[in-house]
Amino acid sequence: MLFHSTRGKDRNKTFEEVLMQGLAKDGGLFMPDHWPEVNLDNLKKLDNFIDIAKEIVPLFTGSSFTKTEVANILDNTWNNFDKKDFIDIFEINGSISILELFHGPTAAFKDFGLQLAAAFFNKTLQKQKKTAIVFGATSGDTGPAAIDACKEFDLIKTFILIPEGNMSEIQRKQMTTVNKDNVFPILANGTFDDCQDIVKRGFSERTFLKDNQYLLAINSINWVRIIGQICYYFYASLKISTLSKPLNFSVPTGNFGNVFACYAASKMGMPLSKIIVAVNSNDILDRFFRKNDYSKAKVNETISPSMDISVASNFERLLYDFYLEGDAQLCSELYSNFPNSKIEIDSNIWKKSSELFISYSSDDKATYECMKHYFNNFNYVMDPHTAVAADAVKELNDKLVGKTVILSTAHPAKFPLALKNAGLNTSIPNKLSAVLNKKEVAKKLSSNDDSIFEFINNNN
Ligand SMILES: *Cc1c(COP(=O)(O)O)cnc(C)c1O
């Protein structure tokens with residue numbers, strides 16, 4: 001299985017190349033050359049998450065890793081989860097279940113994608129006798145998950161920019177209390193967007209990089225993260241409907257990686273009814289699915305900060321595969337003027353959205369109400385991101401047939417202020433309370449000059 005770019009110019013890439021490169025050279029995103037088919041009968045005989053992952057992951061990695069290598073990697077990945085089988089499923093009632101994906105070490109679902117990424121990074125670096133710098137910015141959950149995933153691998157040094165503003169103390173301390181020689185949390189002045197601009201500049205200038213060293217991104221466009229997430233859709237479908245009846249999945253969405261993994265699972269044979277694309281008031285995706293209007297707007301700060309985006313990077317993959325059916329030329333054209341002008345596709349093509357997608361946008365008030373609703377009616381405390389997905393299900397209920405799975409992407413204790421404002425409480429898992437009392441070590445640097453690059457250079 002090889003990979004190619006959604007914009008057509010970067011082709012015939014192995015898994016390892018796609019893994020280490022991240023973004024395609026033509027600015028597009030990598031896609032597999034075809035959708036591998038999962039043998040559902042085989043999968044139905046399995047019971048646990050790792051065994052499912054051992055069926056799914058090798059379908060994409062064959063160009064670079066043997067099945068045995070992948071099995072070994074998987075046996076040593078997804079460490080320090082609270083649950084033996086990594087995931088819990090909480091049944092709300094006969095038709096709604098919550099897929100709890102927050103039992104990993106950093107209490108957000110991003111542990112699934114980033115631990116798999118780090119394991120494959122490390123294996124590749126060992127094989128090629130190279131080292132890597134991981135460099136990224138975080139709005140809250142990506143940074144902790146990336147740091148945790150990479151910190152045990154000596155071939156990788158991780159530099160994470162922490163913007164000022166809308167992040168909880170726990171999230172910040174998950175990064176600043178790690179205290180390892182290869183982990184560098186950086187408190188940068190400026191917003192998340194400012195920090196992302198620096199990361200972009202770092203990737204284009206590469207001034208701090210040594211010979212034989214990779215510069216790796218942690219954002220959700222890396223295909224390996226999608227692979228890690230595809231696994232839990234098959235798992236949920238197996239546990240909730242024995243991979244037989246199609247389910248609805250309600251996904252709290254930002255950069256569209258998690259939704260795209262659900263779509264990918266369906267292309268690989270998982271029975272699927274509808275994907276509910278649930279967003280907060282940053283509603284570019286809702287505007288697309290409701291009225292064919294994909295246009296960039298200003299970012300609003302919400303109580304679900306990991307979904308505060310102005311454009312959804314992974315949406316390009318859906319546009320390319322589902323709507324344009326692999327027409328890379330057209331995909332390049334649509335993106336050539338974006339975000340200056342909006343993306344609007346042929347209305348006859350756009351109509352097929354409703355075969356698979358429904359969207360909903362919930363503002364903070366509705367999100368709080370939904371958190372309260374779930375506590376009052378089901379004694380269930382959920383985090384604000386999960387509540388966005390739950391609210392969509394509440395509002396779209398009449399349009400849904402069969403069972404619905406709400407993806408819970410973070411533990412509620414990560415967002416104490418939102419909980420307090422909703423009048424709710426939750427017990428804090430030990431792994432989160434532990435960071436609160438540790439000493440913070442982080443470098444404060446300006447995002448207005450080259451000091452961040454100099455800092456990386458000096459510590460490389
Ligand atoms: C990152 C994140 C999301 C959004 O996921 P995407 O794959 O970017 O759509 C939702 N909830 C939480 C808690 C997150 O950390």
# chains A, B, ... in the order shown; residues from 1 in each chain; ligands from 1

$ closest_atom_pairs --of "region 275-330 of chain A" --to "region 131-148 of chain A" --cutoff "12 Å" --atoms "only C-alpha atoms" --output "JSON lines"
{"residue": "A:Glu301", "atom": "CA", "partner": "A:Ser139", "partner_atom": "CA", "distance": 10.8}
{"residue": "A:Thr302", "atom": "CA", "partner": "A:Ser139", "partner_atom": "CA", "distance": 11.7}
{"residue": "A:Ile303", "atom": "CA", "partner": "A:Gly140", "partner_atom": "CA", "distance": 11.7}
{"residue": "A:Ser304", "atom": "CA", "partner": "A:Gly140", "partner_atom": "CA", "distance": 10.0}
{"residue": "A:Pro305", "atom": "CA", "partner": "A:Ser139", "partner_atom": "CA", "distance": 6.8}
{"residue": "A:Ser306", "atom": "CA", "partner": "A:Ser139", "partner_atom": "CA", "distance": 6.0}
{"residue": "A:Met307", "atom": "CA", "partner": "A:Ser139", "partner_atom": "CA", "distance": 8.9}
{"residue": "A:Asp308", "atom": "CA", "partner": "A:Ser139", "partner_atom": "CA", "distance": 8.4}
{"residue": "A:Ile309", "atom": "CA", "partner": "A:Ser139", "partner_atom": "CA", "distance": 9.8}

$ closest_atom_pairs --of "chain A" --to "ligand 1" --cutoff "6 Å" --atoms "only C-alpha atoms and all ligand atoms" --output "tab-separated table"
residue	atom	partner	partner_atom_place_in_ligand_line	distance
A:Ala108	CA	ligand 1	13 (C)	5.6
A:Asp141	CA	ligand 1	15 (O)	4.6
A:Pro252	CA	ligand 1	10 (C)	5.1
A:Thr253	CA	ligand 1	9 (O)	3.6
A:Gly254	CA	ligand 1	9 (O)	3.6
A:Asn255	CA	ligand 1	8 (O)	3.4
A:Phe256	CA	ligand 1	9 (O)	3.7
A:Gly257	CA	ligand 1	7 (O)	3.6
A:Asn258	CA	ligand 1	7 (O)	3.9
A:Ser306	CA	ligand 1	2 (C)	4.7
A:Met307	CA	ligand 1	4 (C)	5.2
A:His385	CA	ligand 1	11 (N)	5.1
A:Thr409	CA	ligand 1	13 (C)	4.4
A:Ala410	CA	ligand 1	13 (C)	4.4

$ closest_residue --among "A:Asn48, A:Ser237, A:Asn122, A:Thr176" --to "Phe86 (chain A)" --atoms "only C-alpha atoms"
A:Asn48

$ closest_residue --among "A:Phe81, A:Phe153, A:Tyr335, A:Phe159" --to "Glu100 (chain A)" --atoms "only C-alpha atoms"
A:Phe81

$ residues_around --residues "Gln329 (chain A)" --least-positions-apart "5" --cutoff "9 Å" --atoms "only C-alpha atoms" --output "NGL selection string"
:A and (6-8 or 334)

$ write_last_selection --atoms "C-alpha atoms" --output "PDB file, in the first residue's frame"
ATOM      1  CA  THR A   6      -4.796  15.043  -2.240  1.00  0.00           C
ATOM      2  CA  ARG A   7      -3.253  17.606  -4.613  1.00  0.00           C
ATOM      3  CA  GLY A   8      -1.758  14.965  -6.883  1.00  0.00           C
ATOM      4  CA  LEU A 334     -10.498  24.463  -4.782  1.00  0.00           C
TER       5      LEU A 334
END

$ residues_around --residues "Leu272 (chain A)" --least-positions-apart "2" --cutoff "10 Å" --atoms "only C-alpha atoms" --output "list in words"
Tyr233, Ser237, Leu243, Ser244, Lys245, Pro246, Leu247, Asn248, Phe249, Cys262, Tyr263, Ala265, Ser266, Lys267, Gly269, Met270, Lys274, Ile275 and Leu356 of chain A

$ closest_residue --among "A:Glu205, A:Glu169, A:Val38, A:Lys151" --to "Val183 (chain A)" --atoms "only C-alpha atoms"
A:Lys151

$ select_by_dssp --residues "region 8-159 of chain A" --states "helix (DSSP H, G or I)" --output "MDAnalysis selection string"
chainID A and resid 15:21 40:44 49:56 58:61 67:75 110:128 142:150

$ closest_residue --among "A:Thr106, A:Ser95, A:Ser408, A:Ser64" --to "Ile170 (chain A)" --atoms "only C-alpha atoms"
A:Thr106

$ residues_around --residues "Lys296 (chain A)" --least-positions-apart "4" --cutoff "7 Å" --atoms "only C-alpha atoms" --output "count of residues only"
4

$ closest_residue --among "A:Ile358, A:Ala434, A:Ile226, A:Leu324" --to "Asp286 (chain A)" --atoms "only C-alpha atoms"
A:Ile358

$ atom_distance --atom1 "CA of Asn72 (chain A)" --atom2 "CA of Asn182 (chain A)"
24.4 Å

$ atom_distance --atom1 "CA of Tyr360 (chain A)" --atom2 "CA of Pro32 (chain A)"
29.2 Å
